[in-house]
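Chemist: Take a look at input-v1.pdb, PDB, C-alpha atoms, pLDDT in the B column:
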```pdb
ATOM      1  CA  MET A  12      26.363 -24.179 -12.843  1.00 59.00           C
ATOM      2  CA  LYS A  13      30.058 -24.610 -13.479  1.00 84.00           C
ATOM      3  CA  GLU A  14      32.042 -26.943 -11.234  1.00 83.00           C
ATOM      4  CA  HIS A  15      34.208 -24.030 -10.115  1.00 85.00           C
ATOM      5  CA  GLU A  16      31.111 -22.248  -8.808  1.00 92.00           C
ATOM      6  CA  LEU A  17      29.880 -25.426  -7.114  1.00 93.00           C
ATOM      7  CA  GLY A  18      33.258 -25.711  -5.415  1.00 93.00           C
ATOM      8  CA  ARG A  19      32.963 -22.148  -4.135  1.00 95.00           C
ATOM      9  CA  VAL A  20      29.469 -22.841  -2.780  1.00 95.00           C
ATOM     10  CA  ALA A  21      30.743 -26.045  -1.151  1.00 95.00           C
ATOM     11  CA  TRP A  22      33.495 -24.133   0.661  1.00 95.00           C
ATOM     12  CA  ILE A  23      31.087 -21.427   1.796  1.00 94.00           C
ATOM     13  CA  LEU A  24      28.718 -24.066   3.171  1.00 94.00           C
ATOM     14  CA  TYR A  25      31.501 -25.901   5.016  1.00 94.00           C
ATOM     15  CA  TRP A  26      32.726 -22.696   6.636  1.00 94.00           C
ATOM     16  CA  GLY A  27      29.135 -21.768   7.460  1.00 91.00           C
ATOM     17  CA  TYR A  28      28.591 -25.163   9.079  1.00 85.00           C
ATOM     18  CA  TRP A  29      31.836 -24.821  11.004  1.00 83.00           C
ATOM     19  CA  ILE A  30      30.872 -21.418  12.385  1.00 88.00           C
ATOM     20  CA  LEU A  31      27.276 -22.466  13.131  1.00 82.00           C
ATOM     21  CA  THR A  32      28.406 -25.642  14.901  1.00 75.00           C
ATOM     22  CA  LEU A  33      30.540 -23.536  17.218  1.00 79.00           C
ATOM     23  CA  ILE A  34      27.665 -21.079  17.765  1.00 81.00           C
ATOM     24  CA  ALA A  35      25.204 -23.939  18.406  1.00 71.00           C
ATOM     25  CA  ALA A  36      27.493 -25.230  21.166  1.00 71.00           C
ATOM     26  CA  ILE A  37      26.830 -22.043  23.165  1.00 76.00           C
ATOM     27  CA  PRO A  38      23.635 -22.711  25.134  1.00 69.00           C
ATOM     28  CA  LEU A  39      22.021 -19.279  24.766  1.00 73.00           C
ATOM     29  CA  LEU A  40      22.859 -19.084  21.062  1.00 75.00           C
ATOM     30  CA  SER A  41      21.864 -22.609  20.019  1.00 73.00           C
ATOM     31  CA  TRP A  42      18.642 -21.282  18.460  1.00 78.00           C
ATOM     32  CA  LEU A  43      20.757 -19.139  16.142  1.00 82.00           C
ATOM     33  CA  GLY A  44      22.763 -22.202  15.114  1.00 77.00           C
ATOM     34  CA  ILE A  45      19.564 -24.104  14.353  1.00 77.00           C
ATOM     35  CA  LEU A  46      18.203 -21.286  12.178  1.00 85.00           C
ATOM     36  CA  GLY A  47      21.521 -21.075  10.365  1.00 85.00           C
ATOM     37  CA  TYR A  48      21.571 -24.852   9.784  1.00 83.00           C
ATOM     38  CA  ILE A  49      18.122 -24.643   8.238  1.00 88.00           C
ATOM     39  CA  ALA A  50      19.260 -21.883   5.872  1.00 91.00           C
ATOM     40  CA  LEU A  51      22.337 -23.877   4.834  1.00 91.00           C
ATOM     41  CA  VAL A  52      20.244 -26.999   4.284  1.00 92.00           C
ATOM     42  CA  VAL A  53      17.995 -25.056   1.935  1.00 94.00           C
ATOM     43  CA  VAL A  54      21.035 -23.921  -0.065  1.00 94.00           C
ATOM     44  CA  ALA A  55      22.504 -27.453  -0.091  1.00 93.00           C
ATOM     45  CA  LEU A  56      19.199 -28.964  -1.238  1.00 94.00           C
ATOM     46  CA  MET A  57      18.968 -26.393  -4.025  1.00 94.00           C
ATOM     47  CA  LYS A  58      22.479 -27.254  -5.219  1.00 93.00           C
ATOM     48  CA  ILE A  59      22.246 -31.068  -5.080  1.00 93.00           C
ATOM     49  CA  GLY A  60      20.476 -31.193  -8.435  1.00 92.00           C
ATOM     50  CA  GLU A  61      23.059 -28.964 -10.086  1.00 93.00           C
ATOM     51  CA  ALA A  62      25.872 -30.999  -8.568  1.00 93.00           C
ATOM     52  CA  ALA A  63      24.606 -34.370  -9.810  1.00 91.00           C
ATOM     53  CA  ASP A  64      27.423 -36.627 -11.039  1.00 91.00           C
ATOM     54  CA  THR A  65      30.150 -34.352  -9.640  1.00 93.00           C
ATOM     55  CA  ILE A  66      32.285 -34.632  -6.521  1.00 94.00           C
ATOM     56  CA  TYR A  67      30.162 -31.904  -4.937  1.00 95.00           C
ATOM     57  CA  GLU A  68      26.938 -33.928  -4.791  1.00 94.00           C
ATOM     58  CA  SER A  69      28.202 -36.042  -1.880  1.00 95.00           C
ATOM     59  CA  HIS A  70      29.407 -32.915  -0.065  1.00 95.00           C
ATOM     60  CA  PHE A  71      25.961 -31.323  -0.331  1.00 95.00           C
ATOM     61  CA  ARG A  72      24.402 -34.552   0.996  1.00 94.00           C
ATOM     62  CA  ASN A  73      26.868 -34.438   3.890  1.00 93.00           C
ATOM     63  CA  TYR A  74      25.732 -30.887   4.714  1.00 91.00           C
ATOM     64  CA  VAL A  75      22.124 -32.017   4.914  1.00 92.00           C
ATOM     65  CA  LEU A  76      22.977 -34.993   7.143  1.00 93.00           C
ATOM     66  CA  VAL A  77      25.106 -32.931   9.536  1.00 88.00           C
ATOM     67  CA  ALA A  78      22.425 -30.270   9.839  1.00 85.00           C
ATOM     68  CA  VAL A  79      19.588 -32.731  10.417  1.00 87.00           C
ATOM     69  CA  VAL A  80      21.522 -34.597  13.115  1.00 88.00           C
ATOM     70  CA  GLY A  81      22.513 -31.287  14.734  1.00 81.00           C
ATOM     71  CA  VAL A  82      18.961 -29.969  14.808  1.00 80.00           C
ATOM     72  CA  VAL A  83      17.510 -33.268  16.070  1.00 87.00           C
ATOM     73  CA  GLY A  84      20.192 -33.493  18.767  1.00 84.00           C
ATOM     74  CA  SER A  85      19.423 -29.945  19.890  1.00 79.00           C
ATOM     75  CA  LEU A  86      15.683 -30.601  19.971  1.00 82.00           C
ATOM     76  CA  VAL A  87      16.189 -33.797  22.015  1.00 85.00           C
ATOM     77  CA  PHE A  88      18.309 -31.793  24.461  1.00 80.00           C
ATOM     78  CA  VAL A  89      15.594 -29.151  24.847  1.00 79.00           C
ATOM     79  CA  PHE A  90      12.909 -31.840  25.233  1.00 83.00           C
ATOM     80  CA  LEU A  91      14.924 -33.571  27.964  1.00 83.00           C
ATOM     81  CA  LEU A  92      15.341 -30.276  29.792  1.00 78.00           C
ATOM     82  CA  VAL A  93      11.582 -29.673  29.695  1.00 81.00           C
ATOM     83  CA  VAL A  94      10.807 -33.186  30.962  1.00 81.00           C
ATOM     84  CA  SER A  95      13.312 -33.158  33.806  1.00 79.00           C
ATOM     85  CA  ILE A  96      15.954 -30.545  34.480  1.00 77.00           C
ATOM     86  CA  ASP A  97      18.204 -32.955  36.417  1.00 76.00           C
ATOM     87  CA  VAL A  98      18.090 -35.910  34.060  1.00 75.00           C
ATOM     88  CA  GLY A  99      17.734 -33.693  30.996  1.00 72.00           C
ATOM     89  CA  LEU A 100      20.816 -31.703  31.823  1.00 77.00           C
ATOM     90  CA  SER A 101      23.079 -34.686  32.424  1.00 82.00           C
ATOM     91  CA  VAL A 102      21.835 -36.841  29.545  1.00 85.00           C
ATOM     92  CA  GLY A 103      21.334 -33.838  27.279  1.00 81.00           C
ATOM     93  CA  ILE A 104      24.908 -32.650  27.707  1.00 82.00           C
ATOM     94  CA  ILE A 105      26.176 -36.101  26.747  1.00 89.00           C
ATOM     95  CA  ILE A 106      23.982 -36.026  23.632  1.00 87.00           C
ATOM     96  CA  ILE A 107      25.032 -32.490  22.663  1.00 82.00           C
ATOM     97  CA  VAL A 108      28.741 -33.231  23.154  1.00 88.00           C
ATOM     98  CA  GLY A 109      28.374 -36.391  21.060  1.00 91.00           C
ATOM     99  CA  VAL A 110      26.527 -34.564  18.285  1.00 87.00           C
ATOM    100  CA  LEU A 111      29.064 -31.739  18.378  1.00 85.00           C
ATOM    101  CA  ALA A 112      32.033 -34.139  18.131  1.00 90.00           C
ATOM    102  CA  TRP A 113      30.394 -36.064  15.284  1.00 92.00           C
ATOM    103  CA  SER A 114      29.529 -32.831  13.442  1.00 88.00           C
ATOM    104  CA  VAL A 115      33.048 -31.448  13.751  1.00 87.00           C
ATOM    105  CA  TYR A 116      34.452 -34.756  12.476  1.00 93.00           C
ATOM    106  CA  ARG A 117      32.137 -34.743   9.439  1.00 93.00           C
ATOM    107  CA  ILE A 118      32.864 -31.094   8.661  1.00 91.00           C
ATOM    108  CA  VAL A 119      36.646 -31.455   8.938  1.00 94.00           C
ATOM    109  CA  LYS A 120      36.608 -34.697   6.930  1.00 96.00           C
ATOM    110  CA  GLY A 121      34.534 -33.014   4.231  1.00 95.00           C
ATOM    111  CA  MET A 122      36.793 -29.972   4.090  1.00 95.00           C
ATOM    112  CA  LEU A 123      39.889 -32.159   3.769  1.00 96.00           C
ATOM    113  CA  ARG A 124      38.335 -34.221   0.986  1.00 96.00           C
ATOM    114  CA  LEU A 125      37.066 -31.129  -0.811  1.00 95.00           C
ATOM    115  CA  ASN A 126      40.534 -29.595  -0.582  1.00 94.00           C
ATOM    116  CA  SER A 127      41.925 -32.761  -2.210  1.00 95.00           C
ATOM    117  CA  GLY A 128      39.343 -32.603  -4.995  1.00 93.00           C
ATOM    118  CA  ARG A 129      37.587 -35.760  -3.780  1.00 95.00           C
ATOM    119  CA  SER A 130      33.960 -36.502  -3.100  1.00 94.00           C
ATOM    120  CA  TYR A 131      32.898 -36.913   0.525  1.00 94.00           C
ATOM    121  CA  SER A 132      32.141 -40.603   0.084  1.00 87.00           C
ATOM    122  CA  ASP A 133      35.538 -41.620  -1.396  1.00 72.00           C
TER     123      ASP A 133
END
```
Before anything else, please render the file you have as C-alpha cells.

Modeler:
Amino acid sequence: MKEHELGRVAWILYWGYWILTLIAAIPLLSWLGILGYIALVVVALMKIGEAADTIYESHFRNYVLVAVVGVVGSLVFVFLLVVSIDVGLSVGIIIIVGVLAWSVYRIVKGMLRLNSGRSYSD
C-alpha cells in the first residue's frame, strides 16, 4: 500500500477514534463506542504490517493502545457497577473520566504529529 493511502487510513482512524471516544462517554451509548473501537482495532491491526518502517506504524500501534485501554476502562466501570452501585458509580466515574482524558490526549497528540508528518513516537 502506498504511503499516501496509509496516511488516508490513519486520518480516518483518528477521526473514527475521536467520534467513538465522544460516543463512549455517553452512558447509554458506551456499548456502541466499544463495538466501534473493536472494528477500528481490527483495521489498525490489518494495516500495521503494511505500515512497517513508515511513520504510520506507530500511529496504528497508538490506535490499538487507545482502544484497548478504553474498552478495559469501560468494562471495569460496568463491573464496579454490578458489584456495588454506590462504590461502582463513584469510583467508576473517576476511572471513566481518567480514561476519557487520556484517550483524548493520545488522539489529539497523534493527529498533531500525523499532520506534521511525524510518527507518533517522535

Chemist: Just give me the gap between CA of Gly27 (chain A) and CA of Gly99 (chain A) in Å, one decimal is fine.

Modeler: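 That distance, rounded to one decimal, is 28.7 Å.
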
Chemist: Using the chain letters and residue numbers of this document, give as a ChimeraX atom specification the residues selected by the PyMOL selection byres ((chain A and resi 131) around 8).

Modeler: /A:66-67,69-70,73,120-121,124-125,129-130,132-133

Chemist: Might you pull out every residue within 9 Å of Glu61 (chain A), with only C-alpha atoms counted and same-chain residues fewer than 4 positions away left off, and present them as a PyMOL selection string?

Modeler: chain A and resi 12-13+17+57+65+68

Chemist: What is the distance between CA of Leu24 (chain A) and CA of Val52 (chain A), in Å to one decimal?

Modeler: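 Taking CA of Leu24 (chain A) as the start and CA of Val52 (chain A) as the end point, the length is 9.0 Å.
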
Chemist: Expand the PyMOL selection byres ((chain A and resi 105-109) around 9) into the explicit residue set it covers here, and present it as a PyMOL selection string.

Modeler: chain A and resi 36+81+84-85+87-88+100-104+110-114

Chemist: What is the CA of Ser127 (chain A)-CA of Tyr25 (chain A) distance in Å, reported with one decimal?

Modeler: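 Computed distance, CA of Ser127 (chain A) to CA of Tyr25 (chain A), equals 14.4 Å.
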
Chemist: Here's the selection I'm unsure about, the PyMOL selection byres ((chain A and resi 41-48) around 8); applied to the file above, which residues does it give, as a PyMOL selection string?

Modeler: chain A and resi 28+31-32+34-40+49-52+78+81-82+85

Chemist: Could you put an axis-aligned box around every listed atom of region 28-39 of chain A, padded by 4 Å on each side, and send me its centre and edge lengths in Å to one decimal, as JSON?

Modeler:
```
{"center_x": 26.9, "center_y": -22.5, "center_z": 17.1, "size_x": 17.8, "size_y": 14.4, "size_z": 24.1}
```

Chemist: Fewer than 6 positions away in the same chain doesn't count, so skip those; otherwise give me all residues within 8 Å of Arg72 (chain A), counting all atoms listed in the file, as a VMD selection string.

Modeler: chain A and resid 55 to 56 59

Chemist: Nearest residue to Val54 (chain A) out of A:Ile30, A:Val77, A:Val20, A:Val89, using all atoms listed in the file?

Modeler: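 Of all the options, A:Val20 lies closest to Val54 (chain A).
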
Chemist: Could I see region 50-63 of chain A restored to N, CA and C atoms, set down as a JSON list (two decimals), keeping the file's coordinate frame?

Modeler:
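Generated file (rebuild.json):
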```json
[["chain", "number", "residue", "atom", "x", "y", "z"],
["A", 50, "ALA", "N", 18.94, -22.68, 7.07],
["A", 50, "ALA", "CA", 19.26, -21.88, 5.87],
["A", 50, "ALA", "C", 20.29, -22.59, 4.99],
["A", 51, "LEU", "N", 21.31, -23.18, 5.61],
["A", 51, "LEU", "CA", 22.34, -23.88, 4.83],
["A", 51, "LEU", "C", 21.78, -25.15, 4.18],
["A", 52, "VAL", "N", 20.86, -25.81, 4.87],
["A", 52, "VAL", "CA", 20.24, -27.00, 4.28],
["A", 52, "VAL", "C", 19.46, -26.62, 3.04],
["A", 53, "VAL", "N", 18.75, -25.50, 3.10],
["A", 53, "VAL", "CA", 18.00, -25.06, 1.94],
["A", 53, "VAL", "C", 18.94, -24.83, 0.76],
["A", 54, "VAL", "N", 20.06, -24.16, 1.00],
["A", 54, "VAL", "CA", 21.04, -23.92, -0.06],
["A", 54, "VAL", "C", 21.58, -25.25, -0.58],
["A", 55, "ALA", "N", 21.95, -26.15, 0.32],
["A", 55, "ALA", "CA", 22.50, -27.45, -0.09],
["A", 55, "ALA", "C", 21.49, -28.24, -0.92],
["A", 56, "LEU", "N", 20.23, -28.24, -0.49],
["A", 56, "LEU", "CA", 19.20, -28.96, -1.24],
["A", 56, "LEU", "C", 18.99, -28.36, -2.62],
["A", 57, "MET", "N", 19.11, -27.05, -2.73],
["A", 57, "MET", "CA", 18.97, -26.39, -4.03],
["A", 57, "MET", "C", 20.12, -26.75, -4.96],
["A", 58, "LYS", "N", 21.29, -27.00, -4.40],
["A", 58, "LYS", "CA", 22.48, -27.25, -5.22],
["A", 58, "LYS", "C", 22.69, -28.74, -5.54],
["A", 59, "ILE", "N", 22.04, -29.64, -4.83],
["A", 59, "ILE", "CA", 22.25, -31.07, -5.08],
["A", 59, "ILE", "C", 21.93, -31.42, -6.53],
["A", 60, "GLY", "N", 20.84, -30.90, -7.05],
["A", 60, "GLY", "CA", 20.48, -31.19, -8.44],
["A", 60, "GLY", "C", 21.51, -30.71, -9.42],
["A", 61, "GLU", "N", 22.04, -29.51, -9.19],
["A", 61, "GLU", "CA", 23.06, -28.96, -10.09],
["A", 61, "GLU", "C", 24.38, -29.72, -9.97],
["A", 62, "ALA", "N", 24.61, -30.32, -8.82],
["A", 62, "ALA", "CA", 25.87, -31.00, -8.57],
["A", 62, "ALA", "C", 25.83, -32.48, -8.91],
["A", 63, "ALA", "N", 24.73, -32.95, -9.48],
["A", 63, "ALA", "CA", 24.61, -34.37, -9.81],
["A", 63, "ALA", "C", 25.79, -34.83, -10.66]]
```
